[in-house]
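File shown: coords_4.tsv. Contents: TSV, C-alpha atoms.
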chain	number	residue	atom	x	y	z
A	441	MET	CA	216.19	132.57	-38.36
A	442	HIS	CA	219.12	132.21	-40.72
A	443	PHE	CA	222.65	131.56	-39.43
A	444	TRP	CA	225.96	130.70	-41.08
A	445	LEU	CA	229.48	129.88	-40.00
A	446	GLY	CA	232.53	129.10	-42.10
A	447	SER	CA	235.34	130.66	-44.11
A	448	TYR	CA	236.09	132.43	-47.35
A	449	CYS	CA	238.81	130.66	-49.34
A	450	ASN	CA	241.76	132.76	-50.46
A	451	VAL	CA	245.33	132.65	-51.72
A	452	GLN	CA	248.14	134.40	-49.89
A	453	ASN	CA	251.25	135.46	-51.77
A	454	VAL	CA	253.88	137.03	-49.53
A	455	ASP	CA	251.82	139.74	-47.76
A	456	THR	CA	248.82	139.84	-50.09
A	457	LEU	CA	245.61	137.95	-49.32
A	458	SER	CA	243.10	137.84	-52.18
A	459	TYR	CA	240.82	135.72	-54.27
A	460	PRO	CA	242.53	134.51	-57.47
A	461	THR	CA	241.49	135.93	-60.84
A	462	GLN	CA	240.09	134.10	-63.88
A	463	VAL	CA	238.57	131.33	-61.71
A	464	THR	CA	235.99	129.27	-63.59
A	465	ALA	CA	235.30	126.45	-61.11
A	466	ILE	CA	235.39	125.43	-57.45
A	467	SER	CA	235.50	122.02	-55.83
A	468	ASP	CA	235.95	120.08	-52.60
A	469	ILE	CA	235.54	116.60	-51.14
A	470	ILE	CA	233.11	116.10	-48.26
A	471	THR	CA	233.43	112.88	-46.23
A	472	LEU	CA	230.64	111.84	-43.87
A	473	VAL	CA	232.36	110.67	-40.67
A	474	SER	CA	229.48	110.07	-38.23
A	475	ASP	CA	225.74	110.54	-37.78
A	476	LEU	CA	224.83	112.41	-34.59
A	477	GLY	CA	221.09	111.91	-35.07
A	478	ASN	CA	218.41	114.24	-36.32
A	479	ASN	CA	217.98	117.15	-33.89
A	480	ILE	CA	216.79	119.60	-36.54
A	481	PRO	CA	213.65	121.48	-35.42
A	482	ASP	CA	210.31	121.15	-37.19
A	483	LYS	CA	210.18	122.67	-40.71
A	484	SER	CA	213.90	123.54	-40.48
A	485	TRP	CA	217.05	122.50	-42.35
A	486	MET	CA	220.84	122.91	-42.39
A	487	LEU	CA	223.37	122.97	-45.20
A	488	TYR	CA	226.97	121.80	-45.62
A	489	LEU	CA	228.14	124.40	-48.09
A	490	LEU	CA	230.14	124.49	-51.28
A	491	GLU	CA	229.24	128.01	-52.37
A	492	LEU	CA	230.51	130.59	-54.84
A	493	PHE	CA	229.47	134.16	-55.52
A	494	ASN	CA	229.72	135.81	-58.92
A	495	ALA	CA	230.52	139.48	-59.58
A	496	GLN	CA	226.83	140.31	-59.01
A	497	GLN	CA	227.00	138.51	-55.63
A	498	ILE	CA	224.58	135.82	-56.80
A	499	PRO	CA	225.20	132.60	-54.82
A	500	VAL	CA	225.69	129.31	-56.66
A	501	GLU	CA	225.84	126.23	-54.43
A	502	LEU	CA	226.16	122.45	-54.35
A	503	ASN	CA	225.15	121.59	-50.81
A	504	LEU	CA	224.39	118.62	-48.63
A	505	ILE	CA	221.04	119.62	-47.11
A	506	CYS	CA	219.77	117.89	-43.95
A	507	SER	CA	216.13	118.51	-43.01
A	508	PHE	CA	213.89	117.81	-40.03
A	509	ASN	CA	212.22	114.96	-41.93
A	510	ASP	CA	215.00	113.22	-43.90
A	511	ASP	CA	218.58	111.90	-43.76
A	512	GLY	CA	220.01	114.49	-46.11
A	513	LYS	CA	220.19	115.12	-49.85
A	514	PHE	CA	222.60	116.83	-52.23
A	515	HIS	CA	221.11	119.82	-54.07
A	516	ALA	CA	222.19	122.20	-56.82
A	517	ILE	CA	221.13	125.72	-55.86
A	518	PHE	CA	221.09	129.00	-57.77
A	519	GLY	CA	220.21	132.36	-56.25
A	520	GLY	CA	218.92	130.70	-53.09
A	521	VAL	CA	216.49	128.43	-54.98
A	522	ASN	CA	216.87	124.64	-55.19
A	523	GLN	CA	217.26	123.63	-58.83
A	524	TYR	CA	218.01	119.90	-58.73
A	525	GLU	CA	218.14	117.01	-56.25
A	526	PHE	CA	221.02	114.64	-56.99
A	527	LYS	CA	220.31	110.92	-57.20
A	528	ILE	CA	223.37	110.13	-55.06
A	529	LYS	CA	222.45	109.72	-51.39
A	530	PRO	CA	224.72	110.54	-48.41
A	531	ILE	CA	226.18	107.45	-46.70
A	532	ILE	CA	228.38	107.40	-43.59
A	533	GLY	CA	231.99	106.63	-44.48
A	534	HIS	CA	231.64	107.74	-48.10
A	535	SER	CA	233.46	110.70	-49.68
A	536	TYR	CA	231.83	112.94	-52.29
A	537	LEU	CA	233.58	115.14	-54.84
A	538	ARG	CA	231.60	118.34	-55.44
A	539	GLN	CA	232.29	120.62	-58.40
A	540	ILE	CA	230.67	123.77	-59.77
A	541	ILE	CA	231.92	124.88	-63.18
A	542	MET	CA	231.11	128.17	-64.93
A	543	GLU	CA	230.92	127.57	-68.69
A	544	SER	CA	230.56	131.08	-70.08
A	545	VAL	CA	230.90	130.15	-73.76
A	546	GLU	CA	228.05	127.63	-73.47
A	547	GLN	CA	226.17	130.05	-71.15
A	548	ARG	CA	225.61	127.42	-68.47
A	549	ILE	CA	226.57	126.38	-64.96
A	550	SER	CA	227.48	122.73	-64.45
A	551	TYR	CA	227.12	120.99	-61.09
A	552	HIS	CA	228.90	117.65	-60.68
A	553	LEU	CA	228.75	115.14	-57.81
A	554	LYS	CA	230.74	111.91	-57.51
A	555	ASP	CA	230.68	109.26	-54.79
A	556	GLU	CA	234.42	108.61	-54.52
A	557	THR	CA	233.71	105.33	-52.71
A	558	THR	CA	231.44	103.72	-55.31
A	559	GLY	CA	232.33	105.74	-58.42
A	560	GLU	CA	228.69	106.77	-58.97
A	561	THR	CA	228.28	110.18	-60.64
A	562	ASP	CA	225.45	112.62	-61.28
A	563	SER	CA	225.37	116.05	-62.94
A	564	PHE	CA	223.05	118.97	-63.53
A	565	THR	CA	223.33	121.85	-65.99
A	566	LEU	CA	221.64	125.23	-65.59
A	567	GLN	CA	221.44	127.61	-68.56
A	568	GLN	CA	222.08	131.32	-67.92
A	569	ASN	CA	222.05	134.25	-70.35
A	570	LYS	CA	225.51	135.86	-70.23
A	571	ASN	CA	223.90	139.26	-70.86
A	572	LEU	CA	222.11	138.91	-67.54
A	573	PHE	CA	224.47	136.73	-65.51
A	574	ASP	CA	228.17	137.43	-64.93
A	575	PHE	CA	230.11	134.14	-65.00
A	576	THR	CA	233.06	135.61	-63.06
A	577	ILE	CA	233.70	133.89	-59.70
A	578	THR	CA	234.71	136.36	-56.98
A	579	LYS	CA	234.28	134.34	-53.73
A	580	ASN	CA	234.25	130.76	-52.50
A	581	PHE	CA	232.67	129.99	-49.11
A	582	THR	CA	232.98	126.74	-47.15
A	583	GLY	CA	231.09	125.94	-43.97
A	584	LEU	CA	227.59	125.58	-42.54
A	585	GLU	CA	224.24	127.30	-42.76
A	586	TRP	CA	221.20	126.89	-40.50
A	587	HIS	CA	217.56	127.76	-41.18
A	588	ASN	CA	215.59	127.61	-37.93
A	589	LYS	CA	211.87	128.12	-38.56
A	590	VAL	CA	210.73	127.70	-34.94
A	591	GLY	CA	213.55	129.22	-32.87
A	592	ASN	CA	216.21	131.91	-32.74
A	593	THR	CA	219.37	129.84	-32.27
A	594	PRO	CA	221.44	127.45	-34.40
A	595	TYR	CA	220.86	123.79	-33.44
A	596	PRO	CA	223.17	120.71	-33.28
A	597	ILE	CA	224.60	119.44	-36.55
A	598	ARG	CA	223.36	116.21	-38.14
A	599	TYR	CA	226.66	114.85	-39.49
A	600	GLU	CA	230.27	115.18	-38.48
A	601	VAL	CA	232.22	115.60	-41.72
A	602	LYS	CA	235.67	116.19	-43.12
A	603	ILE	CA	236.17	118.81	-45.83
A	604	SER	CA	239.23	118.31	-48.03
A	605	HIS	CA	240.74	119.22	-51.41
A	606	LEU	CA	239.35	122.78	-51.35
A	607	ALA	CA	240.31	124.04	-54.81
A	608	TYR	CA	239.66	126.58	-57.53
A	609	GLY	CA	239.78	125.82	-61.24
A	610	ILE	CA	241.17	127.89	-64.10
A	611	ASN	CA	240.49	127.17	-67.76
A	612	ASP	CA	242.98	128.69	-70.20
A	613	ASN	CA	240.85	127.62	-73.19
A	614	HIS	CA	237.14	128.21	-72.65
A	615	SER	CA	236.22	126.24	-75.76
A	616	ASP	CA	237.91	123.14	-74.30
A	617	LEU	CA	236.55	121.97	-70.96
A	618	GLN	CA	239.39	119.45	-70.65
A	619	SER	CA	241.85	122.31	-70.14
A	620	LEU	CA	240.39	123.05	-66.70
A	621	THR	CA	243.09	122.76	-64.01
A	622	TYR	CA	242.52	122.89	-60.24
A	623	PHE	CA	244.79	124.66	-57.75
A	624	PRO	CA	244.75	124.67	-53.92
A	625	TYR	CA	243.77	127.57	-51.70
A	626	ASN	CA	246.20	128.28	-48.87
A	627	GLN	CA	244.21	130.57	-46.54
A	628	LEU	CA	240.81	130.59	-44.92
A	629	LEU	CA	239.23	133.79	-43.58
A	630	PRO	CA	236.50	132.91	-41.02
A	631	ASP	CA	233.10	134.58	-41.19
A	632	ASP	CA	229.71	134.38	-39.48
A	633	GLU	CA	226.57	136.47	-39.61
A	634	GLY	CA	227.07	137.79	-36.05
A	635	LEU	CA	223.59	136.88	-34.78
A	636	ALA	CA	224.51	133.99	-32.48
A	637	ARG	CA	226.91	134.29	-29.56
A	638	GLN	CA	227.72	130.60	-29.78
A	639	TYR	CA	227.28	127.84	-32.35
A	640	PRO	CA	226.88	124.14	-31.38
A	641	VAL	CA	229.71	123.03	-33.64
A	642	SER	CA	233.49	123.00	-33.75
A	643	LEU	CA	235.65	123.60	-36.83
A	644	ASP	CA	238.76	121.56	-36.07
A	645	ASN	CA	242.02	120.11	-37.35
A	646	PHE	CA	242.83	122.68	-40.00
A	647	GLU	CA	245.85	121.60	-41.98
A	648	ILE	CA	247.27	121.45	-45.47
A	649	LYS	CA	247.36	117.82	-46.59
A	650	ASN	CA	248.71	116.73	-49.95
A	651	GLY	CA	248.83	120.42	-50.83
A	652	PHE	CA	245.14	121.10	-50.08
A	653	ILE	CA	243.31	122.56	-47.10
A	654	THR	CA	241.54	119.99	-44.91
A	655	TYR	CA	239.37	120.56	-41.84
A	656	GLU	CA	236.61	118.89	-39.81
A	657	ILE	CA	233.12	119.96	-38.82
A	658	VAL	CA	232.30	118.22	-35.53
A	659	ASP	CA	230.10	118.50	-32.45
A	660	GLY	CA	231.34	121.23	-30.11
A	661	LYS	CA	231.16	124.96	-29.43
A	662	TYR	CA	232.26	127.95	-31.48
A	663	ASN	CA	232.08	131.54	-30.25
A	664	SER	CA	230.96	134.28	-32.61
A	665	GLY	CA	233.50	136.91	-33.49
A	666	ILE	CA	236.58	134.70	-33.53
A	667	ILE	CA	238.59	135.99	-36.48
A	668	ASN	CA	241.70	133.95	-37.02
A	669	ARG	CA	243.54	132.72	-40.06
A	670	PHE	CA	243.90	129.08	-39.23
A	671	LEU	CA	246.77	128.27	-41.58
A	672	LYS	CA	250.28	129.46	-42.14
A	673	PRO	CA	250.89	130.57	-45.72
A	674	TYR	CA	251.59	127.68	-48.05
A	675	LEU	CA	253.90	129.07	-50.69
How does this structure look as structure tokens?
Amino acid sequence: MHFWLGSYCNVQNVDTLSYPTQVTAISDIITLVSDLGNNIPDKSWMLYLLELFNAQQIPVELNLICSFNDDGKFHAIFGGVNQYEFKIKPIIGHSYLRQIIMESVEQRISYHLKDETTGETDSFTLQQNKNLFDFTITKNFTGLEWHNKVGNTPYPIRYEVKISHLAYGINDNHSDLQSLTYFPYNQLLPDDEGLARQYPVSLDNFEIKNGFITYEIVDGKYNSGIINRFLKPYL
């Protein structure tokens, strides 16, 4: 079965909650805090998500994927299909900058990963025909996803992590990639698929730090159906 738990990123201005317009990129930093051991069932996997949806609701993702038979790998994903495995490996205590950039003029999607601890970088570019693919970003989702191939419940997480610097990018000159500027979200709207009554994880310590949303994904319990905006508006 397929489960997910997390939040849609938004911006609140006075009494209006919405996704910003003209967004061309999303990014975050994921820090691996601790390894809880591999309790992922046979043939199954889980994902720590950095995910966007375009106007056609096609998902584009740069995820840390932990499987039943490995210690985790970063993957570029398009339309639910793995496109590229990054050379950078997840290490406890390291922080990783993840970026997805829509480059409509060049008709491509760029995925960038940087180990903030060592400085190592890796990138992947996916070509897309702009007559078939809309480069407009309409949603940004942060959180977790489970794929359980042998059972009907979500299972314990592999890593406890911190998510920080959740941001959206706007480029005021599409012919110049250097003009891309990132801005912070200030609201998270929780969401789950509604299939599980409880998830073996806790989403904790939501705060705005250095202007950007930060939270932790740790071992715990989360009840389905909890809808709560975790943050006061940051204006």
Box centre and edge lengths (Å, one decimal), axis-aligned, segment 595-606 of chain A plus 8 Å each side, as AutoDock Vina command-line options:
--center_x 230.8 --center_y 119.3 --center_z -42.3 --size_x 35.9 --size_y 24.9 --size_z 34.1
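Distances to Ala516 of chain A were evaluated for A:His587, A:Lys529, A:Lys483, A:His552 using only C-alpha atoms, and the minimum falls at A:His552.
All residues that come within 12 Å of the coordinates (221.0, 133.0, -55.8), counting all atoms listed in the file, are given as Glu491, Leu492, Phe493, Asn494, Gln496, Gln497, Ile498, Pro499, Val500, Glu501, Leu502, Ala516, Ile517, Phe518, Gly519, Gly520, Val521, Asn522, Gln523 and Phe573 of chain A.
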task: Counting all atoms listed in the file, figure out which residue out of A:Met441, A:Val601, A:Val590, A:Leu643 gets nearest to Asp482 of chain A.
output: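 Closest residue, counting all atoms listed in the file: A:Val590.
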- prompt: Using only C-alpha atoms, can you list as a list in words the residues within 9 Å of (214.7, 120.3, -41.5)?
  reply: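 Every polymer residue passing the test: Asn478, Asn479, Ile480, Pro481, Asp482, Lys483, Ser484, Trp485, Met486, Ile505, Cys506, Ser507, Phe508, Asn509, Asp510, His587, Asn588 and Lys589 of chain A.
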Store the residues picked out above in a file with C-alpha atoms, as a short mmCIF file (atom, residue, chain, number, x, y, z; two decimals), in the frame of the given file.
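Saved as again12.cif:
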data_model
loop_
_atom_site.label_atom_id
_atom_site.label_comp_id
_atom_site.auth_asym_id
_atom_site.auth_seq_id
_atom_site.Cartn_x
_atom_site.Cartn_y
_atom_site.Cartn_z
CA ASN A 478 218.41 114.24 -36.32
CA ASN A 479 217.98 117.15 -33.89
CA ILE A 480 216.79 119.60 -36.54
CA PRO A 481 213.65 121.48 -35.42
CA ASP A 482 210.31 121.15 -37.19
CA LYS A 483 210.18 122.67 -40.71
CA SER A 484 213.90 123.54 -40.48
CA TRP A 485 217.05 122.50 -42.35
CA MET A 486 220.84 122.91 -42.39
CA ILE A 505 221.04 119.62 -47.11
CA CYS A 506 219.77 117.89 -43.95
CA SER A 507 216.13 118.51 -43.01
CA PHE A 508 213.89 117.81 -40.03
CA ASN A 509 212.22 114.96 -41.93
CA ASP A 510 215.00 113.22 -43.90
CA HIS A 587 217.56 127.76 -41.18
CA ASN A 588 215.59 127.61 -37.93
CA LYS A 589 211.87 128.12 -38.56
#
Residue neighbourhood Asn611 of chain A, 7 Å, all atoms listed in the file, exclusion window fewer than 6 positions, as a ChimeraX atom specification: /A:464,619-621
task: Considering all atoms listed in the file, state which residue in the set A:His534, A:His605, A:Ile577, A:His515 is at the smallest distance from Phe564 of chain A.
output: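 So, comparing all the options, the nearest one is A:His515.
With only C-alpha atoms as the atoms that count, the minimum distance from Thr561 of chain A to the choices A:Ile531, A:Ala636, A:Ile610, A:Leu537 is reached by A:Leu537.
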- request: Considering all atoms listed in the file, state which residue in the set A:Leu629, A:Ala465, A:Leu635, A:Val658 is at the smallest distance from Asn592 of chain A.
  value: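 The shortest atom-to-atom distance to Asn592 of chain A comes from A:Leu635.
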query: Mind pulling up the distance from atom CA of Arg637 of chain A to atom CA of Asp511 of chain A?
result: 27.8 Å
Pairwise distance for atom CA of Lys527 of chain A and atom CA of Leu472 of chain A, rounded to one decimal in Å: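 We find that atom CA of Lys527 of chain A and atom CA of Leu472 of chain A lie 16.9 Å from each other.
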task: Would you please work out which residue, of A:Asn571, A:Ser474, A:Asn580, A:Thr565, is nearest to Pro530 of chain A when using only C-alpha atoms?
output: A:Ser474
- prompt: Can you tell me how far atom CA of Thr576 of chain A sits from atom CA of Ile648 of chain A, in Å to one decimal?
  reply: 26.7 Å
